[in-house]
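Student: Starting off with a structure, shown below.
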Amino acid sequence: MFKNKKTFFTQLALFFAILGPGIITGSVDNDAGGITTYSVAGAIYGYSLIWTLIPSFIVLVVIQEMNARMGIVTGKGLADLIRENAGVKITFFIFIGLLIADIGNTTTEFAGVAGSMEVFGISKYISVPIVAFMVWFLVVKGNYKIAERIFLIFSVSLLMYVVSAIMGKPHWSEIGSAVAHPKMPMDTQGLTIVIGIIGTTIAPWMQFYMQSSVIEKGLKMKHYKYLLIDIIIGCLATVIVAFFIIVACASTLHENKVVIEEAKDAALALKPLAGAIASQVFAFGLFIASIFSATILPLATAFYVCEAFGFEAGIDKKWNDAKEFYFLYTGIIILGAAIILIPNAPLILISLWSQVINGMLLPVVLVCMILLVNNKKIMGEYVNKPINNIIGWTAAIVLTALSAGLILLPLFSK
């Protein structure tokens, strides 16, 4: 009996030691751009696009499991593996596209900071510079263990969207019907939002961060089953938060025909419809998500760009040992924050289209991943199982078709 208890507590302690990469990677997907996309989806289409979260969850689990397995088996980041197997030219074009998208994504995070604090009466010229310095200091002067603990606290904080949604008094029968009878909008706006939902739920950059964080944590194959639990919990948290954001906006804004363009609008519009507390909870959730992602996103970008071109990278490395990594991280933060401080910057377009670009780049990253994880020279006995390949290839094909539809539909509608 005591031996079993000891074994249970030993396994539990091991799980908590490994806990982090999956939950952090999953939770950071619900960033300012994601919250904006979910809010607009709920406000315009009500509950009707909630069904998209189910296939997104399945694909998210499969993709992150591939990432984790590749990181453990190879000890190399995804960017490193792409460069070694696809060549420098292809790598260059892939990562230029990803870098542009991630600068837009980082700008969106600071837009989230600015918008959420304006709900509380704080100017963006105060909130944005302070947050930019805070996130820079955490990474440059901190270490991986401290940063990871703070990130886990941020992950839990995102569950406050559950409170905001329940205060909106949603119609659960209508939600069930929307899930049971999925409908695909066939107009440009609808396709843009669907691609945006998928692009923010399964963002290209997160694949690189996931693999890098597994390596940074020093995980081995003996830790795999615990890491898989961590991944599933993180993916569940991602989809649950997304679900409740859509529900919060659908049950209040859509029913009252309130038009919004960004997440801050949703927070302000909730006040007369669901009460001041629901509005403040929504705004504070946006603030937490924005800080969280404003830290992780530039970090992930600096990781994979440095990996792709053979530079040293890592939070636990000193500035002089990884100059390119820290310069790139600092530059992305400064650029993202500076764009927000420009008067009349097109923040809404930057926010929505950064998510759409994510959705368009995702098939490219997915194809690279699937080819790598099926290469026996790289993965040995740990290559993909058939079910992983079916889900992965299906996701790549569907996303490519949606992206093509987004480009071609306006041509045929003229």
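Residues are named by chain letter and number: chains run A, B, ... in the order of the structure tokens, numbers start at 1 in each chain, and ligands are numbered from 1 in the order shown.
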If we count only C-alpha atoms, what is near A:Ile82 at a cut-off of 9 Å, once residues fewer than 6 positions away on the same chain are taken out, given as a VMD selection string?

Tutor: chain A and resid 88 90 to 91 308 368 to 369 372

Student: Identify, on the basis of only C-alpha atoms, every residue whose closest approach to A:Phe133 does not exceed 10 Å; exclude the query and any residue fewer than 3 positions from it along the same chain; express the result as a VMD selection string.

Tutor: chain A and resid 128 to 130 136 to 138 330 333 to 334 337

Student: Could those residues be written to a file, using C-alpha atoms, as a short mmCIF file (atom, residue, chain, number, x, y, z; two decimals), in the first residue's frame?

Tutor:
data_model
loop_
_atom_site.label_atom_id
_atom_site.label_comp_id
_atom_site.auth_asym_id
_atom_site.auth_seq_id
_atom_site.Cartn_x
_atom_site.Cartn_y
_atom_site.Cartn_z
CA VAL A 128 2.54 50.03 -23.68
CA PRO A 129 6.08 51.29 -22.80
CA ILE A 130 5.80 49.89 -19.23
CA TRP A 136 11.90 42.47 -22.12
CA PHE A 137 13.34 42.46 -18.59
CA LEU A 138 11.71 39.12 -17.71
CA THR A 330 14.60 43.24 -28.31
CA ILE A 333 9.43 44.14 -28.94
CA ILE A 334 10.55 47.70 -29.75
CA ALA A 337 5.36 48.61 -29.26
#

Student: Using only C-alpha atoms, which residues sit within 12 Å of A:Lys385 once same-chain residues fewer than 6 positions away are excluded, as a compact mmCIF listing (two decimals) with C-alpha atoms, in the first residue's frame?

Tutor:
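This went into out12.txt:
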# COMPACT_ATOMS: atom_id res chain seq x y z
CA VAL A 62 -1.70 15.80 -33.00
CA GLU A 65 2.56 15.72 -30.02
CA MET A 66 4.61 15.57 -33.25
CA ILE A 370 5.03 15.80 -41.47
CA VAL A 373 8.57 13.30 -38.52
CA ASN A 374 8.18 10.49 -41.10
CA ILE A 391 -4.96 14.03 -39.47
CA GLY A 392 -1.86 16.07 -40.34

Student: Run DSSP on the backbone and give me the residues of stretch 40-255 of chain A it puts in alpha helix (DSSP H), as a PyMOL selection string.

Tutor: chain A and resi 40-45+53-74+78-86+88-119+124-141+144-157+160-167+172-180+188-201+204-216+224-249

Student: Quick one, how far is atom CA of A:Leu328 from atom CA of A:Leu297?

Tutor: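 That distance, rounded to one decimal, is 11.9 Å.
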
Student: Go through A:Ile339, A:Ala79, A:Val239, A:Val40 one by one, measure the shortest atom-to-atom distance of each to A:Phe311 using only C-alpha atoms, and give the residue with the smallest value.

Tutor: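 Closest to A:Phe311 of all the choices is A:Ala79.
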
Student: Need the shell around A:Ile332: protein/DNA/RNA residues with any atom at most 9 Å away, counting only C-alpha atoms. Skip same-chain ones fewer than 5 positions apart. Format as a ChimeraX atom specification?

Tutor: /A:102-103,106-107,298,301-302,327,337

Student: Report, in Å with one decimal, the straight-line distance from atom CA of A:Gly42 to atom CA of A:Lys124.

Tutor: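 Spanning atom CA of A:Gly42 to atom CA of A:Lys124 is a straight-line distance of 26.3 Å.
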
Student: What lies within 10 Å of A:Ala266 using only C-alpha atoms, ignoring chain neighbours under 2 positions off, as a short mmCIF file (atom, residue, chain, number, x, y, z; two decimals) with N, CA and C atoms, in the first residue's frame?

Tutor:
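Listed below is the output, part_33.cif:
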data_model
loop_
_atom_site.label_atom_id
_atom_site.label_comp_id
_atom_site.auth_asym_id
_atom_site.auth_seq_id
_atom_site.Cartn_x
_atom_site.Cartn_y
_atom_site.Cartn_z
N ILE A 35 -8.16 36.59 -29.29
CA ILE A 35 -9.35 37.08 -28.59
C ILE A 35 -10.17 38.00 -29.50
N THR A 36 -9.47 38.83 -30.29
CA THR A 36 -10.17 39.68 -31.26
C THR A 36 -10.92 38.84 -32.28
N SER A 39 -13.86 37.11 -30.65
CA SER A 39 -14.89 38.10 -30.32
C SER A 39 -15.69 38.51 -31.56
N VAL A 40 -14.97 38.77 -32.66
CA VAL A 40 -15.63 39.16 -33.91
C VAL A 40 -16.48 38.00 -34.43
N GLY A 42 -17.96 35.63 -32.68
CA GLY A 42 -19.15 35.53 -31.85
C GLY A 42 -20.14 36.65 -32.11
N ALA A 43 -19.60 37.87 -32.29
CA ALA A 43 -20.47 39.04 -32.51
C ALA A 43 -21.18 38.98 -33.86
N ILE A 245 -15.02 32.70 -24.98
CA ILE A 245 -14.95 34.05 -25.57
C ILE A 245 -16.02 34.19 -26.66
N ALA A 248 -19.41 34.35 -24.93
CA ALA A 248 -19.63 35.65 -24.28
C ALA A 248 -20.10 36.70 -25.27
N CYS A 249 -19.48 36.72 -26.45
CA CYS A 249 -19.85 37.73 -27.46
C CYS A 249 -21.11 37.35 -28.22
N THR A 252 -24.39 38.05 -26.10
CA THR A 252 -24.67 39.45 -25.77
C THR A 252 -24.63 40.34 -27.02
N LEU A 253 -23.47 40.39 -27.66
CA LEU A 253 -23.28 41.31 -28.79
C LEU A 253 -24.09 40.88 -30.01
N VAL A 258 -24.80 44.19 -31.96
CA VAL A 258 -23.72 45.14 -31.70
C VAL A 258 -22.53 44.81 -32.60
N VAL A 259 -22.07 45.78 -33.36
CA VAL A 259 -20.93 45.59 -34.27
C VAL A 259 -19.64 45.96 -33.56
N ILE A 260 -18.65 45.08 -33.63
CA ILE A 260 -17.34 45.37 -33.02
C ILE A 260 -16.24 45.14 -34.05
N GLU A 261 -15.10 45.76 -33.80
CA GLU A 261 -13.96 45.57 -34.70
C GLU A 261 -12.75 45.01 -33.98
N GLU A 262 -12.71 45.11 -32.66
CA GLU A 262 -11.59 44.58 -31.89
C GLU A 262 -12.06 44.15 -30.51
N ALA A 263 -11.17 43.46 -29.77
CA ALA A 263 -11.54 42.90 -28.47
C ALA A 263 -11.91 43.98 -27.46
N LYS A 264 -11.26 45.15 -27.56
CA LYS A 264 -11.59 46.25 -26.63
C LYS A 264 -13.05 46.67 -26.81
N LEU A 268 -16.04 46.85 -23.88
CA LEU A 268 -16.85 48.04 -23.62
C LEU A 268 -18.34 47.77 -23.86
N ALA A 269 -18.63 46.99 -24.93
CA ALA A 269 -20.02 46.71 -25.28
C ALA A 269 -20.70 45.79 -24.27
N LEU A 270 -19.91 44.97 -23.56
CA LEU A 270 -20.48 44.05 -22.57
C LEU A 270 -21.05 44.78 -21.36
N LYS A 271 -20.54 45.98 -21.07
CA LYS A 271 -20.94 46.70 -19.86
C LYS A 271 -22.45 46.93 -19.77
N SER A 279 -17.68 43.17 -18.13
CA SER A 279 -16.86 44.01 -19.00
C SER A 279 -15.42 44.09 -18.50
N PHE A 282 -13.57 40.73 -18.85
CA PHE A 282 -13.19 40.53 -20.25
C PHE A 282 -11.95 41.37 -20.58
N ALA A 283 -11.93 42.63 -20.14
CA ALA A 283 -10.81 43.53 -20.41
C ALA A 283 -9.54 43.06 -19.70
#

Student: Just the residues within 9 Å of A:Leu286, please, counting only C-alpha atoms, with nothing from its chain fewer than 2 positions along; format it as a list in words.

Tutor: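 Non-adjacent residues within range: Asp31, Ala32, Ile35, Gly112, Val113, Gly115, Ser116, Leu158, Ala263, Lys264, Ala267, Val281, Phe282, Ala283, Phe284, Ile288, Ala289, Ser290 and Ile291 of chain A.
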
Student: May I have the residues from that selection written out with N, CA and C atoms, as a tab-separated table (two decimals), in the first residue's frame?

Tutor:
chain	number	residue	atom	x	y	z
A	31	ASP	N	-4.17	34.74	-27.58
A	31	ASP	CA	-3.54	36.05	-27.42
A	31	ASP	C	-4.51	37.15	-27.84
A	32	ALA	N	-4.01	38.38	-27.91
A	32	ALA	CA	-4.89	39.51	-28.27
A	32	ALA	C	-5.51	39.32	-29.65
A	35	ILE	N	-8.16	36.59	-29.29
A	35	ILE	CA	-9.35	37.08	-28.59
A	35	ILE	C	-10.17	38.00	-29.50
A	112	GLY	N	-3.52	44.88	-27.77
A	112	GLY	CA	-4.35	44.32	-26.70
A	112	GLY	C	-4.07	44.96	-25.36
A	113	VAL	N	-2.79	45.20	-25.08
A	113	VAL	CA	-2.41	45.90	-23.83
A	113	VAL	C	-3.02	47.30	-23.82
A	115	GLY	N	-5.58	48.57	-25.62
A	115	GLY	CA	-7.05	48.55	-25.60
A	115	GLY	C	-7.62	48.17	-24.26
A	116	SER	N	-7.04	47.13	-23.64
A	116	SER	CA	-7.56	46.67	-22.34
A	116	SER	C	-7.35	47.70	-21.25
A	158	LEU	N	-6.30	33.01	-17.66
A	158	LEU	CA	-7.16	33.12	-18.84
A	158	LEU	C	-8.54	32.49	-18.64
A	263	ALA	N	-11.17	43.46	-29.77
A	263	ALA	CA	-11.54	42.90	-28.47
A	263	ALA	C	-11.91	43.98	-27.46
A	264	LYS	N	-11.26	45.15	-27.56
A	264	LYS	CA	-11.59	46.25	-26.63
A	264	LYS	C	-13.05	46.67	-26.81
A	267	ALA	N	-15.23	44.31	-24.88
A	267	ALA	CA	-15.22	44.59	-23.44
A	267	ALA	C	-16.12	45.77	-23.09
A	281	VAL	N	-13.88	42.00	-16.37
A	281	VAL	CA	-13.26	40.67	-16.43
A	281	VAL	C	-12.75	40.40	-17.85
A	282	PHE	N	-13.57	40.73	-18.85
A	282	PHE	CA	-13.19	40.53	-20.25
A	282	PHE	C	-11.95	41.37	-20.58
A	283	ALA	N	-11.93	42.63	-20.14
A	283	ALA	CA	-10.81	43.53	-20.41
A	283	ALA	C	-9.54	43.06	-19.70
A	284	PHE	N	-9.69	42.60	-18.45
A	284	PHE	CA	-8.52	42.15	-17.70
A	284	PHE	C	-7.95	40.86	-18.30
A	288	ILE	N	-4.09	40.31	-19.55
A	288	ILE	CA	-3.23	39.18	-19.16
A	288	ILE	C	-2.75	38.43	-20.40
A	289	ALA	N	-3.69	38.13	-21.31
A	289	ALA	CA	-3.35	37.39	-22.53
A	289	ALA	C	-2.34	38.17	-23.37
A	290	SER	N	-2.49	39.48	-23.42
A	290	SER	CA	-1.61	40.32	-24.24
A	290	SER	C	-0.20	40.35	-23.68
A	291	ILE	N	-0.08	40.50	-22.35
A	291	ILE	CA	1.26	40.48	-21.73
A	291	ILE	C	1.93	39.13	-21.95

Student: Work out how far apart atom CA of A:Phe309 and atom CA of A:Ala322 are and give it in Å to one decimal.

Tutor: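 About the pair atom CA of A:Phe309 and atom CA of A:Ala322: they are 12.8 Å apart.
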
Student: Taking only C-alpha atoms into account, name the residue in A:Val179, A:Ile315, A:Val367, A:Ile390 that is nearest to A:Pro204.

Tutor: A:Val367

Student: If we count only C-alpha atoms, what is near A:Pro55 at a cut-off of 12 Å, once residues fewer than 4 positions away on the same chain are taken out, given as a VMD selection string?

Tutor: chain A and resid 49 to 51 59 to 62 179 182 194 197 to 198 201 to 202 235 239 391 to 392 394 to 395 398 to 399

Student: Would you mind exporting the chosen residues as a compact mmCIF listing (two decimals), in the first residue's frame, restricted to N, CA and C atoms?

Tutor:
# COMPACT_ATOMS: atom_id res chain seq x y z
N LEU A 49 -20.10 29.35 -35.42
CA LEU A 49 -18.74 28.93 -35.76
C LEU A 49 -18.03 28.20 -34.61
N ILE A 50 -18.77 27.91 -33.54
CA ILE A 50 -18.16 27.21 -32.41
C ILE A 50 -17.65 25.83 -32.83
N TRP A 51 -18.33 25.19 -33.78
CA TRP A 51 -17.93 23.85 -34.23
C TRP A 51 -16.49 23.80 -34.73
N VAL A 59 -6.57 18.55 -34.26
CA VAL A 59 -5.35 18.84 -35.02
C VAL A 59 -4.27 19.41 -34.10
N LEU A 60 -4.67 20.27 -33.17
CA LEU A 60 -3.73 20.89 -32.23
C LEU A 60 -3.00 19.84 -31.40
N VAL A 61 -3.74 18.86 -30.87
CA VAL A 61 -3.12 17.79 -30.07
C VAL A 61 -2.12 17.00 -30.92
N VAL A 62 -2.55 16.61 -32.12
CA VAL A 62 -1.70 15.80 -33.00
C VAL A 62 -0.43 16.56 -33.38
N VAL A 179 -23.18 23.14 -32.67
CA VAL A 179 -22.10 22.14 -32.71
C VAL A 179 -22.56 20.90 -33.48
N PRO A 182 -23.03 21.76 -37.94
CA PRO A 182 -22.06 22.78 -38.37
C PRO A 182 -22.39 23.38 -39.73
N VAL A 194 -13.01 32.13 -40.37
CA VAL A 194 -12.72 30.70 -40.14
C VAL A 194 -11.22 30.44 -40.19
N ILE A 197 -9.69 31.89 -37.08
CA ILE A 197 -9.89 31.04 -35.90
C ILE A 197 -8.88 29.90 -35.89
N ILE A 198 -8.75 29.23 -37.04
CA ILE A 198 -7.80 28.11 -37.12
C ILE A 198 -6.37 28.62 -37.01
N THR A 201 -5.74 29.46 -33.37
CA THR A 201 -5.80 28.28 -32.50
C THR A 201 -4.59 27.39 -32.74
N ILE A 202 -4.19 27.28 -34.01
CA ILE A 202 -3.01 26.46 -34.37
C ILE A 202 -2.04 27.37 -35.12
N CYS A 235 -4.01 21.94 -24.71
CA CYS A 235 -4.93 22.06 -25.86
C CYS A 235 -6.37 22.23 -25.40
N VAL A 239 -8.88 25.54 -26.19
CA VAL A 239 -10.20 25.46 -26.82
C VAL A 239 -11.30 25.92 -25.86
N ILE A 391 -4.49 12.76 -40.05
CA ILE A 391 -4.96 14.03 -39.47
C ILE A 391 -4.10 15.20 -39.94
N GLY A 392 -2.78 15.00 -39.94
CA GLY A 392 -1.86 16.07 -40.34
C GLY A 392 -2.04 16.47 -41.79
N THR A 394 -4.67 15.88 -43.73
CA THR A 394 -6.01 16.44 -43.92
C THR A 394 -6.05 17.91 -43.53
N ALA A 395 -5.43 18.23 -42.38
CA ALA A 395 -5.38 19.63 -41.92
C ALA A 395 -4.67 20.51 -42.94
N VAL A 398 -7.01 20.92 -46.08
CA VAL A 398 -8.18 21.77 -45.80
C VAL A 398 -7.76 23.24 -45.68
N LEU A 399 -6.68 23.50 -44.95
CA LEU A 399 -6.21 24.88 -44.79
C LEU A 399 -5.77 25.49 -46.12
